[in-house]
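Note: the block below is run34.csv and it holds CSV, C-alpha atoms.
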chain,number,residue,atom,x,y,z
A,529,MET,CA,-112.3,-101.8,-16.9
A,530,LEU,CA,-109.6,-99.2,-16.6
A,531,ASP,CA,-108.8,-100.4,-13.1
A,532,TRP,CA,-105.3,-101.4,-14.2
A,533,LEU,CA,-104.4,-97.8,-15.0
A,534,TYR,CA,-105.1,-96.8,-11.4
A,535,ALA,CA,-103.7,-99.9,-9.6
A,536,PRO,CA,-99.9,-100.3,-9.1
A,537,TRP,CA,-98.3,-102.8,-11.5
A,538,PRO,CA,-96.7,-106.0,-10.2
A,539,TRP,CA,-93.0,-106.5,-10.8
A,540,TYR,CA,-93.4,-109.0,-13.6
A,541,VAL,CA,-95.3,-106.3,-15.6
A,542,SER,CA,-93.3,-103.2,-14.7
A,543,GLY,CA,-89.8,-104.9,-14.8
A,544,PRO,CA,-90.1,-106.1,-18.4
A,545,LEU,CA,-91.5,-102.7,-19.4
A,546,ILE,CA,-88.5,-101.0,-17.9
A,547,GLY,CA,-86.2,-103.5,-19.6
A,548,LEU,CA,-87.8,-102.8,-23.0
A,549,MET,CA,-86.5,-99.2,-22.8
A,550,VAL,CA,-83.0,-100.5,-23.7
A,551,PRO,CA,-83.8,-102.0,-27.1
A,552,LEU,CA,-86.5,-99.3,-27.7
A,553,MET,CA,-84.0,-96.4,-27.3
A,554,LEU,CA,-81.5,-98.3,-29.5
A,555,TRP,CA,-84.2,-98.8,-32.1
A,556,ILE,CA,-85.4,-95.2,-32.0
A,557,GLY,CA,-81.9,-93.7,-32.7
A,558,ASN,CA,-79.0,-95.7,-31.3
A,559,ARG,CA,-79.4,-94.1,-27.9
A,560,SER,CA,-78.2,-95.6,-24.7
A,561,PHE,CA,-81.1,-95.7,-22.2
A,562,GLY,CA,-80.4,-93.5,-19.2
A,563,ILE,CA,-81.6,-90.4,-17.5
A,564,SER,CA,-78.9,-88.9,-15.3
A,565,ASN,CA,-77.0,-87.3,-18.2
A,566,ASN,CA,-79.8,-84.7,-18.3
A,567,LEU,CA,-78.5,-83.3,-15.0
A,568,ARG,CA,-75.3,-82.5,-16.8
A,569,HIS,CA,-77.2,-81.0,-19.8
A,570,MET,CA,-79.2,-78.8,-17.5
A,571,CYS,CA,-76.0,-77.5,-15.9
A,572,ALA,CA,-74.6,-76.9,-19.4
A,573,MET,CA,-77.8,-74.9,-20.3
A,574,ALA,CA,-77.5,-72.8,-17.1
A,575,GLN,CA,-73.8,-72.1,-17.3
A,576,PRO,CA,-73.1,-68.5,-18.2
A,577,LYS,CA,-70.5,-67.8,-20.8
A,578,SER,CA,-68.3,-66.1,-18.3
A,579,VAL,CA,-68.0,-69.3,-16.2
A,580,GLY,CA,-65.7,-71.8,-17.8
A,581,VAL,CA,-66.2,-75.2,-16.2
A,582,ASP,CA,-64.9,-77.4,-19.1
A,583,PHE,CA,-67.2,-80.3,-18.2
A,584,PHE,CA,-70.2,-78.2,-19.1
A,585,HIS,CA,-68.7,-76.6,-22.1
A,586,TYR,CA,-70.4,-78.3,-25.0
A,587,ASN,CA,-73.4,-77.8,-27.2
A,588,TRP,CA,-76.2,-79.2,-25.1
A,589,ARG,CA,-78.6,-78.8,-28.1
A,590,ASP,CA,-76.9,-82.0,-29.5
A,591,HIS,CA,-78.6,-83.7,-26.6
A,592,SER,CA,-82.1,-82.3,-27.0
A,593,TRP,CA,-83.5,-85.8,-27.6
A,594,SER,CA,-82.3,-86.7,-24.0
A,595,LEU,CA,-83.9,-83.6,-22.5
A,596,VAL,CA,-87.1,-84.4,-24.3
A,597,PHE,CA,-87.0,-87.9,-22.9
A,598,ALA,CA,-86.6,-86.4,-19.3
A,599,ALA,CA,-89.5,-84.0,-20.0
A,600,GLY,CA,-91.5,-87.0,-21.0
A,601,ALA,CA,-90.6,-88.7,-17.7
A,602,VAL,CA,-92.0,-85.7,-15.8
A,603,LEU,CA,-95.2,-85.8,-17.9
A,604,GLY,CA,-95.5,-89.6,-17.4
A,605,GLY,CA,-95.1,-89.0,-13.6
A,606,PHE,CA,-97.9,-86.5,-13.8
A,607,PHE,CA,-100.3,-88.9,-15.5
A,608,ALA,CA,-99.4,-91.9,-13.4
A,609,GLY,CA,-99.3,-90.1,-10.1
A,610,ILE,CA,-102.0,-87.4,-10.5
A,611,VAL,CA,-104.4,-88.3,-13.3
A,612,PHE,CA,-104.4,-92.1,-12.7
A,613,ALA,CA,-103.3,-91.9,-9.0
A,614,ASN,CA,-103.6,-95.1,-7.0
A,615,PRO,CA,-105.9,-94.2,-4.1
A,616,GLN,CA,-104.4,-97.0,-1.9
A,617,PRO,CA,-101.2,-96.8,0.1
A,618,VAL,CA,-98.2,-98.8,-1.1
A,619,GLU,CA,-98.7,-102.4,-0.1
A,620,LEU,CA,-95.5,-103.0,1.8
A,621,SER,CA,-94.4,-106.3,3.5
A,622,VAL,CA,-95.2,-106.7,7.1
A,623,ALA,CA,-91.5,-106.7,7.9
A,624,ALA,CA,-91.2,-103.3,6.3
A,625,LEU,CA,-94.2,-101.8,8.1
A,626,THR,CA,-92.8,-103.0,11.4
A,627,MET,CA,-89.4,-101.5,10.6
A,628,PHE,CA,-91.0,-98.1,9.7
A,629,SER,CA,-92.9,-97.9,12.9
A,630,TYR,CA,-89.7,-98.8,14.8
A,631,TRP,CA,-87.9,-96.0,12.8
A,632,ASN,CA,-90.5,-93.5,13.9
A,633,VAL,CA,-91.8,-93.0,10.3
A,634,PRO,CA,-95.5,-92.4,10.4
A,635,ILE,CA,-97.1,-95.0,8.1
A,636,GLY,CA,-100.4,-93.4,7.2
A,637,GLY,CA,-100.2,-94.7,3.7
A,638,GLY,CA,-99.6,-92.9,0.5
A,639,PHE,CA,-96.7,-93.1,-1.8
A,640,LEU,CA,-94.0,-91.1,0.0
A,641,PRO,CA,-93.5,-90.4,3.7
A,642,PRO,CA,-94.8,-86.8,4.4
A,643,VAL,CA,-92.1,-86.1,7.0
A,644,LEU,CA,-89.5,-86.3,4.3
A,645,PHE,CA,-91.3,-85.1,1.3
A,646,ASP,CA,-93.5,-82.2,2.5
A,647,PHE,CA,-92.4,-78.6,2.7
A,648,THR,CA,-90.5,-78.1,5.9
A,649,TRP,CA,-87.0,-76.6,6.1
A,650,LEU,CA,-85.6,-79.7,7.7
A,651,SER,CA,-86.9,-82.1,5.0
A,652,VAL,CA,-85.9,-79.8,2.2
A,653,ILE,CA,-82.3,-79.7,3.6
A,654,VAL,CA,-82.2,-83.5,4.0
A,655,MET,CA,-83.6,-84.0,0.5
A,656,PHE,CA,-81.2,-81.4,-1.0
A,657,ALA,CA,-78.2,-82.9,0.7
A,658,GLY,CA,-79.1,-86.4,-0.4
A,659,GLY,CA,-79.7,-85.0,-3.9
A,660,VAL,CA,-76.2,-83.5,-4.0
A,661,MET,CA,-74.8,-87.0,-3.3
A,662,VAL,CA,-77.0,-88.5,-6.0
A,663,GLY,CA,-76.0,-85.9,-8.5
A,664,PHE,CA,-72.3,-86.0,-7.7
A,665,GLY,CA,-72.2,-89.8,-7.6
A,666,THR,CA,-74.1,-90.5,-10.8
A,667,ARG,CA,-71.9,-88.1,-12.8
A,668,TYR,CA,-68.7,-89.5,-11.2
A,669,ALA,CA,-69.9,-93.0,-12.1
A,670,ALA,CA,-71.2,-91.7,-15.5
A,671,GLY,CA,-74.7,-93.2,-14.9
A,672,CYS,CA,-77.4,-94.1,-12.5
A,673,THR,CA,-79.7,-97.1,-12.0
A,674,SER,CA,-81.1,-96.9,-15.5
A,675,GLY,CA,-77.8,-96.3,-17.3
A,676,HIS,CA,-75.8,-98.9,-15.4
A,677,ALA,CA,-78.1,-101.5,-13.7
A,678,ILE,CA,-80.5,-101.7,-16.6
A,679,THR,CA,-78.7,-100.6,-19.8
A,680,GLY,CA,-75.1,-101.5,-18.7
A,681,LEU,CA,-75.9,-104.9,-17.3
A,682,SER,CA,-78.2,-105.9,-20.1
A,683,THR,CA,-75.5,-105.0,-22.6
A,684,LEU,CA,-72.9,-106.9,-20.5
A,685,GLN,CA,-70.6,-104.0,-19.7
A,686,PRO,CA,-68.1,-104.8,-16.9
A,687,GLN,CA,-67.8,-101.1,-15.9
A,688,SER,CA,-71.5,-101.1,-15.1
A,689,LEU,CA,-71.2,-104.1,-12.9
A,690,LEU,CA,-68.6,-102.2,-10.9
A,691,ALA,CA,-70.9,-99.2,-10.6
A,692,VAL,CA,-73.9,-101.4,-9.5
A,693,MET,CA,-71.7,-103.0,-6.8
A,694,GLY,CA,-70.8,-99.5,-5.6
A,695,ILE,CA,-74.4,-98.3,-5.7
A,696,PHE,CA,-75.7,-101.3,-3.8
A,697,ALA,CA,-73.0,-101.2,-1.2
A,698,GLY,CA,-73.5,-97.5,-0.6
A,699,GLY,CA,-77.3,-97.9,-0.4
A,700,LEU,CA,-77.0,-100.8,2.0
A,701,PHE,CA,-74.8,-98.8,4.3
A,702,SER,CA,-76.9,-95.6,4.5
A,703,ALA,CA,-80.3,-97.5,4.6
A,704,HIS,CA,-79.0,-99.6,7.6
A,705,PHE,CA,-76.8,-97.1,9.5
A,706,ILE,CA,-77.9,-93.6,8.7
A,707,THR,CA,-81.6,-93.5,7.6
A,708,PRO,CA,-83.0,-95.5,10.7
A,709,HIS,CA,-81.6,-92.8,13.0
A,710,LEU,CA,-82.7,-89.8,10.9
A,711,PHE,CA,-86.3,-89.7,12.1
A,712,SER,CA,-85.7,-90.1,15.8
A,713,LEU,CA,-82.9,-87.5,15.7
A,714,PHE,CA,-84.7,-84.8,13.7
A,715,TRP,CA,-88.4,-85.3,13.8
B,560,MET,CA,-91.6,-84.4,-34.9
B,561,ARG,CA,-88.1,-85.8,-34.8
B,562,PHE,CA,-88.3,-85.8,-31.0
B,563,LEU,CA,-91.8,-87.3,-30.6
B,564,PRO,CA,-90.5,-90.9,-30.2
B,565,TYR,CA,-88.3,-89.7,-27.3
B,566,LEU,CA,-91.2,-87.8,-25.7
B,567,LEU,CA,-93.4,-90.9,-25.8
B,568,ALA,CA,-90.6,-93.2,-24.6
B,569,GLY,CA,-89.9,-90.8,-21.7
B,570,MET,CA,-93.6,-90.7,-20.8
B,571,ALA,CA,-93.8,-94.5,-20.8
B,572,PHE,CA,-90.7,-94.6,-18.6
B,573,GLY,CA,-92.1,-91.9,-16.1
B,574,PHE,CA,-95.4,-93.7,-16.0
B,575,VAL,CA,-93.8,-97.1,-15.2
B,576,MET,CA,-91.6,-95.5,-12.5
B,577,ILE,CA,-94.7,-94.5,-10.6
B,578,LYS,CA,-96.8,-97.6,-11.4
B,579,SER,CA,-94.0,-100.0,-10.4
B,580,GLU,CA,-93.6,-98.0,-7.1
B,581,ALA,CA,-89.9,-97.9,-7.8
B,582,ALA,CA,-90.3,-94.2,-7.1
B,583,SER,CA,-91.6,-94.9,-3.6
B,584,TRP,CA,-89.2,-94.2,-0.8
B,585,TYR,CA,-90.9,-97.0,1.2
B,586,ARG,CA,-90.1,-99.5,-1.6
B,587,ILE,CA,-86.4,-98.5,-1.7
B,588,MET,CA,-86.0,-98.9,2.0
B,589,GLU,CA,-87.8,-102.2,1.9
B,590,MET,CA,-85.4,-103.3,-0.9
B,591,PHE,CA,-82.2,-102.4,1.0
B,592,HIS,CA,-83.5,-104.4,4.0
B,593,PHE,CA,-84.4,-107.4,1.9
B,594,GLN,CA,-88.0,-107.4,3.1
B,595,SER,CA,-89.8,-107.9,-0.2
B,596,PHE,CA,-89.1,-109.4,-3.6
B,597,HIS,CA,-90.8,-106.6,-5.4
B,598,MET,CA,-87.8,-104.4,-6.3
B,599,PHE,CA,-85.5,-107.3,-7.0
B,600,GLY,CA,-88.1,-108.8,-9.3
B,601,ILE,CA,-88.3,-105.5,-11.2
B,602,MET,CA,-84.5,-105.3,-11.5
B,603,MET,CA,-84.0,-108.9,-12.6
B,604,SER,CA,-86.9,-109.0,-15.0
B,605,ALA,CA,-85.9,-105.6,-16.5
B,606,ILE,CA,-82.3,-106.9,-17.1
B,607,ALA,CA,-83.5,-110.2,-18.5
B,608,THR,CA,-85.9,-108.3,-20.9
B,609,GLY,CA,-83.2,-105.8,-21.9
B,610,LEU,CA,-80.7,-108.6,-22.5
B,611,THR,CA,-83.2,-110.6,-24.7
B,612,GLY,CA,-84.2,-107.5,-26.5
B,613,VAL,CA,-80.6,-106.4,-27.3
B,614,LEU,CA,-79.8,-110.0,-28.4
B,615,LEU,CA,-82.7,-110.0,-30.8
B,616,LEU,CA,-81.7,-106.6,-32.2
B,617,LYS,CA,-78.1,-108.0,-32.7
B,618,ARG,CA,-79.3,-111.3,-34.2
B,619,TYR,CA,-81.4,-109.5,-36.7
B,620,GLY,CA,-78.5,-107.2,-37.5
B,621,ARG,CA,-80.1,-106.0,-40.7
B,622,MET,CA,-82.6,-104.2,-38.5
B,623,LEU,CA,-82.4,-100.5,-38.7
B,624,THR,CA,-83.2,-97.6,-36.3
B,625,LEU,CA,-86.1,-95.3,-37.0
B,626,ASP,CA,-83.6,-93.0,-38.8
B,627,GLY,CA,-82.4,-95.9,-41.0
B,628,GLU,CA,-79.0,-96.4,-39.4
B,629,ALA,CA,-77.6,-99.8,-38.4
B,630,VAL,CA,-78.0,-100.5,-34.7
B,631,VAL,CA,-74.8,-100.0,-32.7
B,632,ILE,CA,-74.7,-100.6,-29.0
B,633,PRO,CA,-72.8,-97.7,-27.3
B,634,SER,CA,-70.1,-98.9,-24.9
B,635,LYS,CA,-69.2,-97.3,-21.6
B,636,GLU,CA,-65.9,-95.4,-21.2
B,637,PRO,CA,-63.0,-97.3,-19.8
B,638,GLY,CA,-62.4,-96.6,-16.1
B,639,ARG,CA,-62.5,-98.3,-12.7
B,640,TYR,CA,-62.4,-96.0,-9.7
B,641,ASN,CA,-65.0,-93.6,-11.0
B,642,TYR,CA,-67.5,-96.4,-11.4
B,643,LEU,CA,-66.9,-97.8,-8.0
B,644,PHE,CA,-66.6,-94.6,-6.0
B,645,GLY,CA,-69.2,-92.7,-8.0
B,646,GLY,CA,-71.6,-95.6,-7.5
B,647,LEU,CA,-70.8,-95.7,-3.8
B,648,ILE,CA,-71.5,-92.0,-3.3
B,649,PHE,CA,-74.7,-92.2,-5.3
B,650,GLY,CA,-75.8,-95.2,-3.3
B,651,LEU,CA,-75.1,-93.5,0.0
B,652,GLY,CA,-77.5,-90.7,-1.1
B,653,TRP,CA,-80.0,-93.1,-2.5
B,654,GLY,CA,-80.3,-95.0,0.8
B,655,VAL,CA,-81.4,-91.8,2.5
B,656,ILE,CA,-83.7,-90.0,0.1
B,657,GLY,CA,-84.9,-93.2,-1.6
B,658,LEU,CA,-84.8,-91.6,-5.0
B,659,CYS,CA,-82.6,-92.2,-8.0
B,660,PRO,CA,-82.6,-89.8,-10.9
B,661,GLY,CA,-85.5,-91.5,-12.9
B,662,PRO,CA,-88.0,-91.3,-10.0
B,663,ILE,CA,-86.8,-87.7,-9.2
B,664,PHE,CA,-88.0,-86.6,-12.6
B,665,SER,CA,-91.3,-88.5,-12.5
B,666,LEU,CA,-92.0,-87.4,-8.9
B,667,VAL,CA,-91.4,-83.7,-9.9
B,668,GLY,CA,-94.3,-84.4,-12.3
B,669,MET,CA,-96.4,-85.5,-9.4
B,670,GLY,CA,-95.7,-82.1,-7.7
B,671,SER,CA,-93.5,-83.5,-4.9
B,672,ILE,CA,-91.6,-80.8,-3.0
B,673,GLY,CA,-89.2,-83.3,-1.7
B,674,ALA,CA,-88.3,-84.5,-5.2
B,675,LEU,CA,-87.9,-80.9,-6.3
B,676,ALA,CA,-85.4,-80.3,-3.5
B,677,ALA,CA,-83.6,-83.5,-4.5
B,678,LEU,CA,-83.5,-82.3,-8.1
B,679,ALA,CA,-82.0,-79.0,-7.0
B,680,GLY,CA,-79.4,-80.9,-4.9
B,681,ALA,CA,-78.6,-83.3,-7.8
B,682,LEU,CA,-78.0,-80.3,-10.1
B,683,HIS,CA,-75.6,-78.8,-7.5
B,684,GLY,CA,-73.9,-82.2,-7.0
B,685,THR,CA,-73.4,-82.6,-10.8
B,686,TRP,CA,-72.0,-79.1,-10.9
B,687,LEU,CA,-69.6,-79.9,-8.1
B,688,TYR,CA,-68.4,-83.0,-9.9
B,689,GLY,CA,-67.8,-80.9,-13.0
B,690,CYS,CA,-65.7,-78.5,-11.0
B,691,ILE,CA,-63.4,-81.0,-9.3
B,692,LYS,CA,-63.5,-83.8,-11.9
B,693,ASN,CA,-59.8,-83.5,-12.8
B,694,ARG,CA,-58.7,-84.0,-9.2
B,695,LEU,CA,-60.6,-87.3,-8.8
B,696,PRO,CA,-59.3,-90.8,-9.6
B,697,HIS,CA,-61.0,-92.3,-12.6
Just give me the structure of the file as structure tokens.
Amino acid sequence: MLDWLYAPWPWYVSGPLIGLMVPLMLWIGNRSFGISNNLRHMCAMAQPKSVGVDFFHYNWRDHSWSLVFAAGAVLGGFFAGIVFANPQPVELSVAALTMFSYWNVPIGGGFLPPVLFDFTWLSVIVMFAGGVMVGFGTRYAAGCTSGHAITGLSTLQPQSLLAVMGIFAGGLFSAHFITPHLFSLFW
Amino acid sequence: MRFLPYLLAGMAFGFVMIKSEAASWYRIMEMFHFQSFHMFGIMMSAIATGLTGVLLLKRYGRMLTLDGEAVVIPSKEPGRYNYLFGGLIFGLGWGVIGLCPGPIFSLVGMGSIGALAALAGALHGTWLYGCIKNRLPH
């Protein structure tokens, strides 16, 4: 009876649930749904008084609600991925499975490819470097997929359309011209 | 207590990130290679739902937030290059590590070392932006 808690949810269930976050956050307290601002708040928390980068010089406590939201996302991930973990591997399309074997990515199932997500120095360096680009880019663009593609587009903001175009163009480039060679080069 | 709604909303968000498989590296690569409708279906139905929800909130303008304020939709700062270039840099990273910030947080909850490394990187990237912000076109 609780099978649905363990199984992955189809797009027509999970998509609308993600979309509901926009009116939900507005209703809770006039908040714009988004997550990447928390990276800035975490930097502001960590910045010592002697270091004066203006961008992190504000009272992060005014944004506690946002940090609580991020803590909730971590907890939600724990429940969905550990407590109610899906025992089956991600059901990918045949085309994707063929592509991954061609890329030299072992497809033994699971949620994430172990070569990239397990603890080896090489994978940690790649994930860190990619993370730097994600952190830099999202702050430069003042938002990520949630703040721009979901919140921005569903509140019809032209700046967000520009950001989404940039995001997709960048992703297309690296997914086609960088990532395919990564595995045969390094692993 | 004031923060409880945010904690619950965050938990729902993190839960859906995993259950939708939007936090799976495999799904993101599949999306950028147009090999499945899954991620596009998520994005389109999410935007359609958000749009409808916001329209309803606006239509029933008398509706108040939990704190009793009138609903106001926050608008994005003016700018052009920052949105385009920032998006581009973020996208370049996303196409490699297959994680955007939402999934990074929820995968950390799953105990993923890779996501933790990506989070450490993202914090450094954010810091770097803060340091050179004034020298970048916005």
* What does the distance from atom CA of B:Val631 to atom CA of B:Arg618 come to in Å, to one decimal? -> 12.3 Å
* Asked: atom CA of A:Thr707 to atom CA of A:Asp646: how many Å, to one decimal?
  -> 17.2 Å
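Closest approach to chain B from the set A:Met549, A:Ala669, A:Ala572, A:Val633 is made by A:Ala669, with distances taken over only C-alpha atoms.
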Hey, which bits of stretch 575-682 of chain B sit within 6 Å of stretch 683-696 of chain A, and for each residue what's the closest pair of atoms and how far apart in Å (one decimal), counting all atoms listed in the file, rows by chain and increasing number, as CSV?
residue,atom,partner,partner_atom,distance
B:Tyr642,CA,A:Ala691,CA,4.5
B:Leu643,CA,A:Gly694,CA,4.9
B:Gly646,CA,A:Ile695,CA,4.3
B:Leu647,CA,A:Gly694,CA,4.2
B:Gly650,CA,A:Ile695,CA,4.2
* To do: Just give me the gap between atom CA of A:Ser629 and atom CA of B:Met576 in Å, one decimal is fine.
  => 25.5 Å
Excluding B:Met669 and its own-chain neighbours fewer than 2 positions away, which residues fall within 7 Å of it when counting all atoms listed in the file? Please give them as a PDB file with C-alpha atoms, keeping the file's coordinate frame.
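File written: selection-v9.pdb
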ATOM      1  CA  GLY A 605     -95.100 -89.000 -13.600  1.00  0.00           C
ATOM      2  CA  PHE A 606     -97.900 -86.500 -13.800  1.00  0.00           C
ATOM      3  CA  GLY A 609     -99.300 -90.100 -10.100  1.00  0.00           C
ATOM      4  CA  ILE A 610    -102.000 -87.400 -10.500  1.00  0.00           C
TER       5      ILE A 610
ATOM      6  CA  SER B 665     -91.300 -88.500 -12.500  1.00  0.00           C
ATOM      7  CA  LEU B 666     -92.000 -87.400  -8.900  1.00  0.00           C
ATOM      8  CA  VAL B 667     -91.400 -83.700  -9.900  1.00  0.00           C
ATOM      9  CA  SER B 671     -93.500 -83.500  -4.900  1.00  0.00           C
TER      10      SER B 671
END
* **Option closest in space to B:Ala582, from A:Leu530, A:Ala608, A:Ala535, A:Val662 [counting all atoms listed in the file]** => A:Ala608
* Hey, what's within 10 Å of stretch 597-612 of chain B if we count all atoms listed in the file and toss same-chain stuff fewer than 5 positions away? As a PyMOL selection string, please? -> (chain A and resi 538-552+620-621+673-674+677-684) or (chain B and resi 579-581+586-587+589-591+617-618)
Those residues with C-alpha atoms, as a PDB file, in the frame of the given file please?
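Generated output (result_4.pdb):
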ATOM      1  CA  PRO A 538     -96.700-106.000 -10.200  1.00  0.00           C
ATOM      2  CA  TRP A 539     -93.000-106.500 -10.800  1.00  0.00           C
ATOM      3  CA  TYR A 540     -93.400-109.000 -13.600  1.00  0.00           C
ATOM      4  CA  VAL A 541     -95.300-106.300 -15.600  1.00  0.00           C
ATOM      5  CA  SER A 542     -93.300-103.200 -14.700  1.00  0.00           C
ATOM      6  CA  GLY A 543     -89.800-104.900 -14.800  1.00  0.00           C
ATOM      7  CA  PRO A 544     -90.100-106.100 -18.400  1.00  0.00           C
ATOM      8  CA  LEU A 545     -91.500-102.700 -19.400  1.00  0.00           C
ATOM      9  CA  ILE A 546     -88.500-101.000 -17.900  1.00  0.00           C
ATOM     10  CA  GLY A 547     -86.200-103.500 -19.600  1.00  0.00           C
ATOM     11  CA  LEU A 548     -87.800-102.800 -23.000  1.00  0.00           C
ATOM     12  CA  MET A 549     -86.500 -99.200 -22.800  1.00  0.00           C
ATOM     13  CA  VAL A 550     -83.000-100.500 -23.700  1.00  0.00           C
ATOM     14  CA  PRO A 551     -83.800-102.000 -27.100  1.00  0.00           C
ATOM     15  CA  LEU A 552     -86.500 -99.300 -27.700  1.00  0.00           C
ATOM     16  CA  LEU A 620     -95.500-103.000   1.800  1.00  0.00           C
ATOM     17  CA  SER A 621     -94.400-106.300   3.500  1.00  0.00           C
ATOM     18  CA  THR A 673     -79.700 -97.100 -12.000  1.00  0.00           C
ATOM     19  CA  SER A 674     -81.100 -96.900 -15.500  1.00  0.00           C
ATOM     20  CA  ALA A 677     -78.100-101.500 -13.700  1.00  0.00           C
ATOM     21  CA  ILE A 678     -80.500-101.700 -16.600  1.00  0.00           C
ATOM     22  CA  THR A 679     -78.700-100.600 -19.800  1.00  0.00           C
ATOM     23  CA  GLY A 680     -75.100-101.500 -18.700  1.00  0.00           C
ATOM     24  CA  LEU A 681     -75.900-104.900 -17.300  1.00  0.00           C
ATOM     25  CA  SER A 682     -78.200-105.900 -20.100  1.00  0.00           C
ATOM     26  CA  THR A 683     -75.500-105.000 -22.600  1.00  0.00           C
ATOM     27  CA  LEU A 684     -72.900-106.900 -20.500  1.00  0.00           C
TER      28      LEU A 684
ATOM     29  CA  SER B 579     -94.000-100.000 -10.400  1.00  0.00           C
ATOM     30  CA  GLU B 580     -93.600 -98.000  -7.100  1.00  0.00           C
ATOM     31  CA  ALA B 581     -89.900 -97.900  -7.800  1.00  0.00           C
ATOM     32  CA  ARG B 586     -90.100 -99.500  -1.600  1.00  0.00           C
ATOM     33  CA  ILE B 587     -86.400 -98.500  -1.700  1.00  0.00           C
ATOM     34  CA  GLU B 589     -87.800-102.200   1.900  1.00  0.00           C
ATOM     35  CA  MET B 590     -85.400-103.300  -0.900  1.00  0.00           C
ATOM     36  CA  PHE B 591     -82.200-102.400   1.000  1.00  0.00           C
ATOM     37  CA  LYS B 617     -78.100-108.000 -32.700  1.00  0.00           C
ATOM     38  CA  ARG B 618     -79.300-111.300 -34.200  1.00  0.00           C
TER      39      ARG B 618
END
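With only C-alpha atoms as the basis for measurement, B:Gly680 is the residue among B:Pro696, B:Gly627, B:Leu614, B:Gly680 that approaches chain A most closely.
Restricting the calculation to all atoms listed in the file, the smallest distance between A:Leu650 and any of A:Met529, A:Ile563, A:Leu713, A:Ala697 is found for A:Leu713.
Here the question is which of A:Gly562, A:Gly580, A:Gly675, A:Pro642 gets nearest to A:Ser594 using all atoms listed in the file, and that residue is A:Gly562.
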* Would you list the contacts of B:Gly689 as JSON, numbers by chain, taking every protein, DNA or RNA residue within 8 Å and counting only C-alpha atoms, but skipping same-chain residues closer than 5 positions in sequence? => {"A": [581, 582, 583, 584]}
* To do: Tell me, as a PyMOL selection string, which residues lie within 9 Å of B:Phe664, counting all atoms listed in the file; anything in the same chain fewer than 2 positions away does not count.
  => (chain A and resi 563+598-599+601-603+605) or (chain B and resi 573+660-662+666-668+674-675+678)
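Candidate residues A:Gly604, A:Gly699, A:Gly671, A:Gly665 were compared for distance to B:Thr685, and the nearest is A:Gly665, using all atoms listed in the file.
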* To do: List the neighbours of stretch 553-559 of chain A out to 8 Å using all atoms listed in the file; skip same-chain residues closer than 2 positions along the sequence, and give me the result as number ranges by chain.
  => A: 549-551, 561; B: 564-565, 568, 623-626, 628, 630-633
Next, write the just-selected residues to a file, as a PDB file, in the coordinates of the input, keeping C-alpha atoms as the atom set.
ATOM      1  CA  MET A 549     -86.500 -99.200 -22.800  1.00  0.00           C
ATOM      2  CA  VAL A 550     -83.000-100.500 -23.700  1.00  0.00           C
ATOM      3  CA  PRO A 551     -83.800-102.000 -27.100  1.00  0.00           C
ATOM      4  CA  PHE A 561     -81.100 -95.700 -22.200  1.00  0.00           C
TER       5      PHE A 561
ATOM      6  CA  PRO B 564     -90.500 -90.900 -30.200  1.00  0.00           C
ATOM      7  CA  TYR B 565     -88.300 -89.700 -27.300  1.00  0.00           C
ATOM      8  CA  ALA B 568     -90.600 -93.200 -24.600  1.00  0.00           C
ATOM      9  CA  LEU B 623     -82.400-100.500 -38.700  1.00  0.00           C
ATOM     10  CA  THR B 624     -83.200 -97.600 -36.300  1.00  0.00           C
ATOM     11  CA  LEU B 625     -86.100 -95.300 -37.000  1.00  0.00           C
ATOM     12  CA  ASP B 626     -83.600 -93.000 -38.800  1.00  0.00           C
ATOM     13  CA  GLU B 628     -79.000 -96.400 -39.400  1.00  0.00           C
ATOM     14  CA  VAL B 630     -78.000-100.500 -34.700  1.00  0.00           C
ATOM     15  CA  VAL B 631     -74.800-100.000 -32.700  1.00  0.00           C
ATOM     16  CA  ILE B 632     -74.700-100.600 -29.000  1.00  0.00           C
ATOM     17  CA  PRO B 633     -72.800 -97.700 -27.300  1.00  0.00           C
TER      18      PRO B 633
END
